[in-house]
file start08.tsv (TSV, N, CA and C atoms)
chain	number	residue	atom	x	y	z
A	131	MET	N	-2.04	-78.22	15.83
A	131	MET	CA	-3.46	-78.48	15.69
A	131	MET	C	-3.86	-79.74	16.44
A	132	GLN	N	-3.02	-80.78	16.31
A	132	GLN	CA	-3.33	-82.02	17.01
A	132	GLN	C	-3.19	-81.85	18.52
A	133	VAL	N	-2.26	-81.03	18.94
A	133	VAL	CA	-2.08	-80.79	20.38
A	133	VAL	C	-3.32	-80.07	20.92
A	134	PHE	N	-3.82	-79.09	20.17
A	134	PHE	CA	-5.03	-78.38	20.58
A	134	PHE	C	-6.22	-79.33	20.68
A	135	LEU	N	-6.37	-80.22	19.71
A	135	LEU	CA	-7.46	-81.20	19.73
A	135	LEU	C	-7.33	-82.13	20.93
A	136	PHE	N	-6.12	-82.57	21.21
A	136	PHE	CA	-5.87	-83.44	22.36
A	136	PHE	C	-6.22	-82.73	23.67
A	137	LEU	N	-5.81	-81.48	23.81
A	137	LEU	CA	-6.12	-80.71	25.03
A	137	LEU	C	-7.63	-80.47	25.16
A	138	ALA	N	-8.31	-80.23	24.04
A	138	ALA	CA	-9.76	-80.04	24.07
A	138	ALA	C	-10.46	-81.32	24.52
A	139	MET	N	-9.98	-82.45	24.04
A	139	MET	CA	-10.58	-83.73	24.45
A	139	MET	C	-10.38	-83.98	25.94
A	140	ILE	N	-9.20	-83.66	26.46
A	140	ILE	CA	-8.94	-83.82	27.89
A	140	ILE	C	-9.86	-82.90	28.69
A	141	LEU	N	-10.05	-81.68	28.23
A	141	LEU	CA	-10.93	-80.74	28.91
A	141	LEU	C	-12.37	-81.25	28.92
A	142	VAL	N	-12.84	-81.76	27.80
A	142	VAL	CA	-14.21	-82.29	27.72
A	142	VAL	C	-14.37	-83.49	28.64
A	143	LEU	N	-13.39	-84.37	28.68
A	143	LEU	CA	-13.46	-85.51	29.59
A	143	LEU	C	-13.48	-85.07	31.04
A	144	GLY	N	-12.68	-84.05	31.37
A	144	GLY	CA	-12.68	-83.52	32.74
A	144	GLY	C	-14.02	-82.94	33.12
A	145	VAL	N	-14.63	-82.20	32.22
A	145	VAL	CA	-15.95	-81.63	32.48
A	145	VAL	C	-16.98	-82.74	32.62
A	146	LEU	N	-16.89	-83.76	31.79
A	146	LEU	CA	-17.82	-84.89	31.86
A	146	LEU	C	-17.71	-85.60	33.21
A	147	PHE	N	-16.48	-85.89	33.65
A	147	PHE	CA	-16.29	-86.54	34.96
A	147	PHE	C	-16.81	-85.66	36.09
A	148	PHE	N	-16.58	-84.36	36.00
A	148	PHE	CA	-17.08	-83.43	37.01
A	148	PHE	C	-18.61	-83.47	37.07
A	149	ALA	N	-19.25	-83.47	35.91
A	149	ALA	CA	-20.71	-83.47	35.86
A	149	ALA	C	-21.28	-84.76	36.43
A	150	VAL	N	-20.64	-85.89	36.15
A	150	VAL	CA	-21.13	-87.18	36.66
A	150	VAL	C	-20.96	-87.25	38.18
A	151	GLN	N	-19.86	-86.75	38.69
A	151	GLN	CA	-19.60	-86.84	40.12
A	151	GLN	C	-20.39	-85.81	40.93
A	152	ASN	N	-20.89	-84.76	40.28
A	152	ASN	CA	-21.64	-83.72	40.98
A	152	ASN	C	-23.05	-83.61	40.41
A	153	SER	N	-23.73	-84.73	40.39
A	153	SER	CA	-25.06	-84.74	39.78
A	153	SER	C	-26.18	-84.54	40.79
A	154	GLU	N	-25.89	-84.37	42.06
A	154	GLU	CA	-26.95	-84.19	43.05
A	154	GLU	C	-27.71	-82.88	42.78
A	155	VAL	N	-28.97	-82.90	43.10
A	155	VAL	CA	-29.85	-81.76	42.84
A	155	VAL	C	-29.74	-80.77	43.99
A	156	ILE	N	-29.56	-79.50	43.65
A	156	ILE	CA	-29.54	-78.45	44.66
A	156	ILE	C	-30.60	-77.42	44.31
A	157	THR	N	-31.00	-76.63	45.29
A	157	THR	CA	-32.02	-75.60	45.10
A	157	THR	C	-31.39	-74.23	45.29
A	158	ILE	N	-31.63	-73.35	44.33
A	158	ILE	CA	-31.17	-71.97	44.40
A	158	ILE	C	-32.40	-71.10	44.61
A	159	THR	N	-32.36	-70.24	45.63
A	159	THR	CA	-33.47	-69.32	45.91
A	159	THR	C	-32.94	-67.89	45.82
A	160	PHE	N	-33.61	-67.08	44.99
A	160	PHE	CA	-33.24	-65.68	44.83
A	160	PHE	C	-34.54	-64.89	44.85
A	161	PHE	N	-34.79	-64.16	45.94
A	161	PHE	CA	-36.07	-63.49	46.20
A	161	PHE	C	-37.20	-64.51	46.07
A	162	ASN	N	-38.12	-64.34	45.15
A	162	ASN	CA	-39.22	-65.30	44.98
A	162	ASN	C	-38.92	-66.36	43.93
A	163	TRP	N	-37.79	-66.28	43.30
A	163	TRP	CA	-37.42	-67.20	42.23
A	163	TRP	C	-36.73	-68.41	42.83
A	164	ILE	N	-37.20	-69.59	42.50
A	164	ILE	CA	-36.62	-70.84	43.00
A	164	ILE	C	-36.24	-71.70	41.80
A	165	PHE	N	-34.99	-72.18	41.79
A	165	PHE	CA	-34.52	-73.01	40.70
A	165	PHE	C	-33.86	-74.25	41.27
A	166	GLU	N	-34.20	-75.40	40.73
A	166	GLU	CA	-33.57	-76.65	41.12
A	166	GLU	C	-32.82	-77.21	39.92
A	167	GLY	N	-31.62	-77.67	40.16
A	167	GLY	CA	-30.81	-78.25	39.09
A	167	GLY	C	-29.61	-78.95	39.68
A	168	SER	N	-28.90	-79.65	38.83
A	168	SER	CA	-27.71	-80.37	39.32
A	168	SER	C	-26.62	-79.36	39.67
A	169	LEU	N	-25.77	-79.77	40.58
A	169	LEU	CA	-24.67	-78.92	41.02
A	169	LEU	C	-23.77	-78.54	39.84
A	170	ALA	N	-23.50	-79.51	38.98
A	170	ALA	CA	-22.64	-79.24	37.82
A	170	ALA	C	-23.26	-78.19	36.91
A	171	LEU	N	-24.58	-78.27	36.69
A	171	LEU	CA	-25.26	-77.30	35.83
A	171	LEU	C	-25.22	-75.90	36.46
A	172	ILE	N	-25.46	-75.82	37.75
A	172	ILE	CA	-25.45	-74.53	38.44
A	172	ILE	C	-24.05	-73.91	38.38
A	173	LEU	N	-23.03	-74.72	38.61
A	173	LEU	CA	-21.66	-74.20	38.55
A	173	LEU	C	-21.29	-73.76	37.13
A	174	ALA	N	-21.73	-74.51	36.13
A	174	ALA	CA	-21.45	-74.14	34.74
A	174	ALA	C	-22.15	-72.83	34.39
A	175	LEU	N	-23.38	-72.66	34.85
A	175	LEU	CA	-24.09	-71.39	34.60
A	175	LEU	C	-23.43	-70.22	35.31
A	176	ALA	N	-22.98	-70.45	36.54
A	176	ALA	CA	-22.30	-69.38	37.28
A	176	ALA	C	-20.99	-69.00	36.59
A	177	PHE	N	-20.24	-70.00	36.15
A	177	PHE	CA	-18.99	-69.72	35.45
A	177	PHE	C	-19.24	-68.98	34.14
A	178	SER	N	-20.24	-69.42	33.39
A	178	SER	CA	-20.56	-68.79	32.11
A	178	SER	C	-21.03	-67.35	32.29
A	179	SER	N	-21.85	-67.12	33.30
A	179	SER	CA	-22.32	-65.75	33.51
A	179	SER	C	-21.17	-64.84	33.98
A	180	GLY	N	-20.24	-65.35	34.77
A	180	GLY	CA	-19.08	-64.57	35.16
A	180	GLY	C	-18.18	-64.27	33.98
A	181	LEU	N	-18.01	-65.24	33.10
A	181	LEU	CA	-17.21	-65.03	31.90
A	181	LEU	C	-17.84	-63.98	31.00
A	182	LEU	N	-19.15	-64.05	30.82
A	182	LEU	CA	-19.86	-63.07	30.01
A	182	LEU	C	-19.76	-61.68	30.62
A	183	ALA	N	-19.89	-61.58	31.94
A	183	ALA	CA	-19.78	-60.28	32.60
A	183	ALA	C	-18.37	-59.70	32.42
A	184	GLY	N	-17.35	-60.54	32.52
A	184	GLY	CA	-15.98	-60.08	32.31
A	184	GLY	C	-15.76	-59.57	30.90
A	185	ILE	N	-16.29	-60.28	29.92
A	185	ILE	CA	-16.15	-59.85	28.53
A	185	ILE	C	-16.87	-58.53	28.31
A	186	LEU	N	-18.07	-58.40	28.84
A	186	LEU	CA	-18.83	-57.16	28.67
A	186	LEU	C	-18.15	-55.98	29.35
A	187	LEU	N	-17.49	-56.22	30.48
A	187	LEU	CA	-16.77	-55.14	31.15
A	187	LEU	C	-15.48	-54.77	30.42
A	188	PHE	N	-14.92	-55.70	29.66
A	188	PHE	CA	-13.69	-55.45	28.93
A	188	PHE	C	-13.92	-54.70	27.62
A	189	ILE	N	-15.12	-54.77	27.06
A	189	ILE	CA	-15.39	-54.18	25.75
A	189	ILE	C	-15.08	-52.69	25.69
A	190	PRO	N	-15.47	-51.84	26.66
A	190	PRO	CA	-15.14	-50.42	26.55
A	190	PRO	C	-13.63	-50.16	26.49
A	191	THR	N	-12.85	-50.90	27.25
A	191	THR	CA	-11.39	-50.74	27.22
A	191	THR	C	-10.86	-51.13	25.85
A	192	TRP	N	-11.31	-52.25	25.34
A	192	TRP	CA	-10.88	-52.72	24.03
A	192	TRP	C	-11.25	-51.72	22.95
A	193	TRP	N	-12.47	-51.20	23.03
A	193	TRP	CA	-12.94	-50.23	22.03
A	193	TRP	C	-12.07	-48.97	22.06
A	194	GLY	N	-11.76	-48.48	23.26
A	194	GLY	CA	-10.92	-47.29	23.39
A	194	GLY	C	-9.53	-47.51	22.82
A	195	LYS	N	-8.94	-48.68	23.08
A	195	LYS	CA	-7.61	-48.97	22.54
A	195	LYS	C	-7.64	-49.08	21.02
A	196	MET	N	-8.72	-49.64	20.49
A	196	MET	CA	-8.85	-49.73	19.03
A	196	MET	C	-8.93	-48.33	18.43
A	197	LYS	N	-9.70	-47.45	19.06
A	197	LYS	CA	-9.86	-46.08	18.58
A	197	LYS	C	-8.53	-45.33	18.63
A	198	THR	N	-7.80	-45.49	19.73
A	198	THR	CA	-6.49	-44.85	19.87
A	198	THR	C	-5.51	-45.39	18.83
A	199	GLY	N	-5.53	-46.68	18.61
A	199	GLY	CA	-4.65	-47.30	17.62
A	199	GLY	C	-4.93	-46.78	16.21
A	200	ARG	N	-6.21	-46.64	15.87
A	200	ARG	CA	-6.55	-46.11	14.54
A	200	ARG	C	-6.07	-44.66	14.40
A	201	ALA	N	-6.23	-43.87	15.45
A	201	ALA	CA	-5.78	-42.47	15.39
A	201	ALA	C	-4.26	-42.41	15.26
A	202	GLN	N	-3.55	-43.27	15.96
A	202	GLN	CA	-2.09	-43.28	15.88
A	202	GLN	C	-1.61	-43.71	14.49
A	203	LYS	N	-2.26	-44.71	13.91
A	203	LYS	CA	-1.90	-45.14	12.56
A	203	LYS	C	-2.13	-44.02	11.55
A	204	LYS	N	-3.23	-43.30	11.71
A	204	LYS	CA	-3.53	-42.18	10.83
A	204	LYS	C	-2.44	-41.11	10.96
A	205	ARG	N	-2.04	-40.80	12.19
A	205	ARG	CA	-1.01	-39.79	12.42
A	205	ARG	C	0.33	-40.24	11.85
A	206	ILE	N	0.66	-41.52	11.97
A	206	ILE	CA	1.91	-42.05	11.41
A	206	ILE	C	1.91	-41.89	9.90
A	207	ASN	N	0.80	-42.20	9.25
A	207	ASN	CA	0.72	-42.04	7.80
A	207	ASN	C	0.85	-40.58	7.39
A	208	GLU	N	0.26	-39.67	8.16
A	208	GLU	CA	0.39	-38.23	7.87
A	208	GLU	C	1.85	-37.80	7.97
A	209	LEU	N	2.54	-38.26	9.02
A	209	LEU	CA	3.95	-37.90	9.20
A	209	LEU	C	4.83	-38.50	8.10
A	210	LYS	N	4.51	-39.71	7.65
A	210	LYS	CA	5.26	-40.31	6.54
A	210	LYS	C	5.10	-39.48	5.28
A	211	GLN	N	3.87	-39.04	5.03
A	211	GLN	CA	3.64	-38.20	3.85
A	211	GLN	C	4.40	-36.88	3.96
A	212	GLN	N	4.45	-36.30	5.14
A	212	GLN	CA	5.20	-35.07	5.33
A	212	GLN	C	6.68	-35.29	5.06
A	213	LEU	N	7.21	-36.43	5.50
A	213	LEU	CA	8.62	-36.74	5.27
A	213	LEU	C	8.90	-36.94	3.78
A	214	LEU	N	7.98	-37.58	3.08
A	214	LEU	CA	8.18	-37.81	1.65
A	214	LEU	C	8.19	-36.51	0.86
A	215	HIS	N	7.40	-35.54	1.29
A	215	HIS	CA	7.28	-34.29	0.56
A	215	HIS	C	8.13	-33.16	1.16
A	216	ALA	N	8.92	-33.47	2.16
A	216	ALA	CA	9.76	-32.45	2.79
A	216	ALA	C	10.95	-32.15	1.88
A	217	PRO	N	11.35	-30.89	1.82
A	217	PRO	CA	12.52	-30.56	0.99
A	217	PRO	C	13.79	-31.12	1.62
A	218	GLU	N	14.76	-31.44	0.77
A	218	GLU	CA	16.04	-31.96	1.25
A	218	GLU	C	16.82	-30.83	1.91
A	219	PRO	N	17.52	-31.12	3.00
A	219	PRO	CA	18.34	-30.07	3.63
A	219	PRO	C	19.50	-29.70	2.70
A	220	GLU	N	19.88	-28.43	2.73
A	220	GLU	CA	20.94	-27.95	1.83
A	220	GLU	C	22.32	-28.43	2.26
A	221	GLU	N	22.56	-28.53	3.55
A	221	GLU	CA	23.85	-29.00	4.03
A	221	GLU	C	23.64	-29.99	5.16
A	222	ASP	N	24.61	-30.80	5.37
A	222	ASP	CA	24.54	-31.81	6.41
A	222	ASP	C	24.98	-31.18	7.73
A	223	ILE	N	24.16	-31.28	8.73
A	223	ILE	CA	24.43	-30.66	10.03
A	223	ILE	C	25.68	-31.26	10.67
A	224	TYR	N	25.84	-32.56	10.53
A	224	TYR	CA	26.96	-33.23	11.18
A	224	TYR	C	28.29	-32.84	10.53
A	225	GLU	N	28.29	-32.61	9.24
A	225	GLU	CA	29.53	-32.21	8.57
A	225	GLU	C	29.98	-30.83	9.03
A	226	THR	N	29.05	-29.92	9.24
A	226	THR	CA	29.43	-28.58	9.67
A	226	THR	C	29.94	-28.58	11.09
A	227	GLU	N	29.38	-29.41	11.96
A	227	GLU	CA	29.86	-29.47	13.34
A	227	GLU	C	31.26	-30.04	13.40
A	228	GLU	N	31.56	-31.04	12.59
A	228	GLU	CA	32.89	-31.63	12.60
A	228	GLU	C	33.91	-30.66	12.04
A	229	ALA	N	33.52	-29.87	11.08
A	229	ALA	CA	34.45	-28.90	10.48
A	229	ALA	C	34.79	-27.80	11.47
A	230	GLU	N	33.86	-27.41	12.32
A	230	GLU	CA	34.10	-26.35	13.29
A	230	GLU	C	35.06	-26.81	14.38
A	231	GLU	N	35.07	-28.09	14.71
A	231	GLU	CA	35.93	-28.59	15.78
A	231	GLU	C	37.31	-28.65	15.27
call {"tool": "encode", "arguments": {"input": "start08.tsv", "output": "C-alpha cells"}}
result
Amino acid sequence: MQVFLFLAMILVLGVLFFAVQNSEVITITFFNWIFEGSLALILALAFSSGLLAGILLFIPTWWGKMKTGRAQKKRINELKQQLLHAPEPEEDIYETEEAEE
C-alpha cells in the first residue's frame, strides 16, 4: 500500500512538472471550432479521450467473455450434478483388462 502511494506521488509530481514546463498556449482548429489552451491541457485531454475510446472499444469483448464464462460455469455445474446422480459402474474396467492379459 505504501509503495502504491509512493508511486502515485511520483506520478503526480511528474505530471505537475510536465504541466509547468509546457504551459505555453496553443490553438487547436477543427472545422469552425477553435480552442486555445495550454499544451499540457491539450495533451491531457487527448490522452484521456484516447483512453476512454480504448475502454469503450474493449467493452464488447469483455461482455462476450463474461457471457461465455457464465455459460461455461453453468455447464460445469450441470455436469457435476450428472456425476453425483450417475449410477456406480458394476465392475472396474481396468481390473477386467488386467485379468484378460
call {"tool": "select_by_dssp", "arguments": {"input": "start08.tsv", "residues": "stretch 132-228 of chain A", "states": "alpha helix (DSSP H)", "output": "ChimeraX atom specification"}}
result
/A:132-151,169-215,223-228
call {"tool": "atom_distance", "arguments": {"input": "start08.tsv", "atom1": "atom C of A:Leu135", "atom2": "atom N of A:Ser153"}}
result
25.6 Å
call {"tool": "atom_distance", "arguments": {"input": "start08.tsv", "atom1": "atom C of A:Ile156", "atom2": "atom CA of A:Ala174"}}
result
13.6 Å
call {"tool": "atom_distance", "arguments": {"input": "start08.tsv", "atom1": "atom C of A:Lys210", "atom2": "atom N of A:Met196"}}
result
22.9 Å
call {"tool": "closest_residue", "arguments": {"input": "start08.tsv", "among": "A:Leu141, A:Ile185, A:Leu169, A:Ala176", "to": "A:Thr157", "atoms": "only N, CA and C atoms"}}
result
A:Leu169
call {"tool": "residues_around", "arguments": {"input": "start08.tsv", "residues": "A:Asn152", "least_positions_apart": "4", "cutoff": "8 Å", "atoms": "all atoms listed in the file", "output": "number ranges by chain"}}
result
A: 146-148, 168-171
call {"tool": "axis_aligned_box", "arguments": {"input": "start08.tsv", "around": "stretch 199-203 of chain A", "padding_each_side": "3 Å", "output": "AutoDock Vina command-line options"}}
result
--center_x -4.1 --center_y -44.9 --center_z 15.1 --size_x 10.9 --size_y 10.9 --size_z 13.1
call {"tool": "select_by_dssp", "arguments": {"input": "start08.tsv", "residues": "chain A", "states": "strand (DSSP E)", "output": "PyMOL selection string"}}
result
chain A and resi 155-160+163-168
call {"tool": "write_last_selection", "arguments": {"input": "start08.tsv", "atoms": "N, CA and C atoms", "output": "PDB file, in the frame of the given file"}}
result
ATOM      1  N   VAL A 155     -28.970 -82.900  43.100  1.00  0.00           N
ATOM      2  CA  VAL A 155     -29.850 -81.760  42.840  1.00  0.00           C
ATOM      3  C   VAL A 155     -29.740 -80.770  43.990  1.00  0.00           C
ATOM      4  N   ILE A 156     -29.560 -79.500  43.650  1.00  0.00           N
ATOM      5  CA  ILE A 156     -29.540 -78.450  44.660  1.00  0.00           C
ATOM      6  C   ILE A 156     -30.600 -77.420  44.310  1.00  0.00           C
ATOM      7  N   THR A 157     -31.000 -76.630  45.290  1.00  0.00           N
ATOM      8  CA  THR A 157     -32.020 -75.600  45.100  1.00  0.00           C
ATOM      9  C   THR A 157     -31.390 -74.230  45.290  1.00  0.00           C
ATOM     10  N   ILE A 158     -31.630 -73.350  44.330  1.00  0.00           N
ATOM     11  CA  ILE A 158     -31.170 -71.970  44.400  1.00  0.00           C
ATOM     12  C   ILE A 158     -32.400 -71.100  44.610  1.00  0.00           C
ATOM     13  N   THR A 159     -32.360 -70.240  45.630  1.00  0.00           N
ATOM     14  CA  THR A 159     -33.470 -69.320  45.910  1.00  0.00           C
ATOM     15  C   THR A 159     -32.940 -67.890  45.820  1.00  0.00           C
ATOM     16  N   PHE A 160     -33.610 -67.080  44.990  1.00  0.00           N
ATOM     17  CA  PHE A 160     -33.240 -65.680  44.830  1.00  0.00           C
ATOM     18  C   PHE A 160     -34.540 -64.890  44.850  1.00  0.00           C
ATOM     19  N   TRP A 163     -37.790 -66.280  43.300  1.00  0.00           N
ATOM     20  CA  TRP A 163     -37.420 -67.200  42.230  1.00  0.00           C
ATOM     21  C   TRP A 163     -36.730 -68.410  42.830  1.00  0.00           C
ATOM     22  N   ILE A 164     -37.200 -69.590  42.500  1.00  0.00           N
ATOM     23  CA  ILE A 164     -36.620 -70.840  43.000  1.00  0.00           C
ATOM     24  C   ILE A 164     -36.240 -71.700  41.800  1.00  0.00           C
ATOM     25  N   PHE A 165     -34.990 -72.180  41.790  1.00  0.00           N
ATOM     26  CA  PHE A 165     -34.520 -73.010  40.700  1.00  0.00           C
ATOM     27  C   PHE A 165     -33.860 -74.250  41.270  1.00  0.00           C
ATOM     28  N   GLU A 166     -34.200 -75.400  40.730  1.00  0.00           N
ATOM     29  CA  GLU A 166     -33.570 -76.650  41.120  1.00  0.00           C
ATOM     30  C   GLU A 166     -32.820 -77.210  39.920  1.00  0.00           C
ATOM     31  N   GLY A 167     -31.620 -77.670  40.160  1.00  0.00           N
ATOM     32  CA  GLY A 167     -30.810 -78.250  39.090  1.00  0.00           C
ATOM     33  C   GLY A 167     -29.610 -78.950  39.680  1.00  0.00           C
ATOM     34  N   SER A 168     -28.900 -79.650  38.830  1.00  0.00           N
ATOM     35  CA  SER A 168     -27.710 -80.370  39.320  1.00  0.00           C
ATOM     36  C   SER A 168     -26.620 -79.360  39.670  1.00  0.00           C
TER      37      SER A 168
END
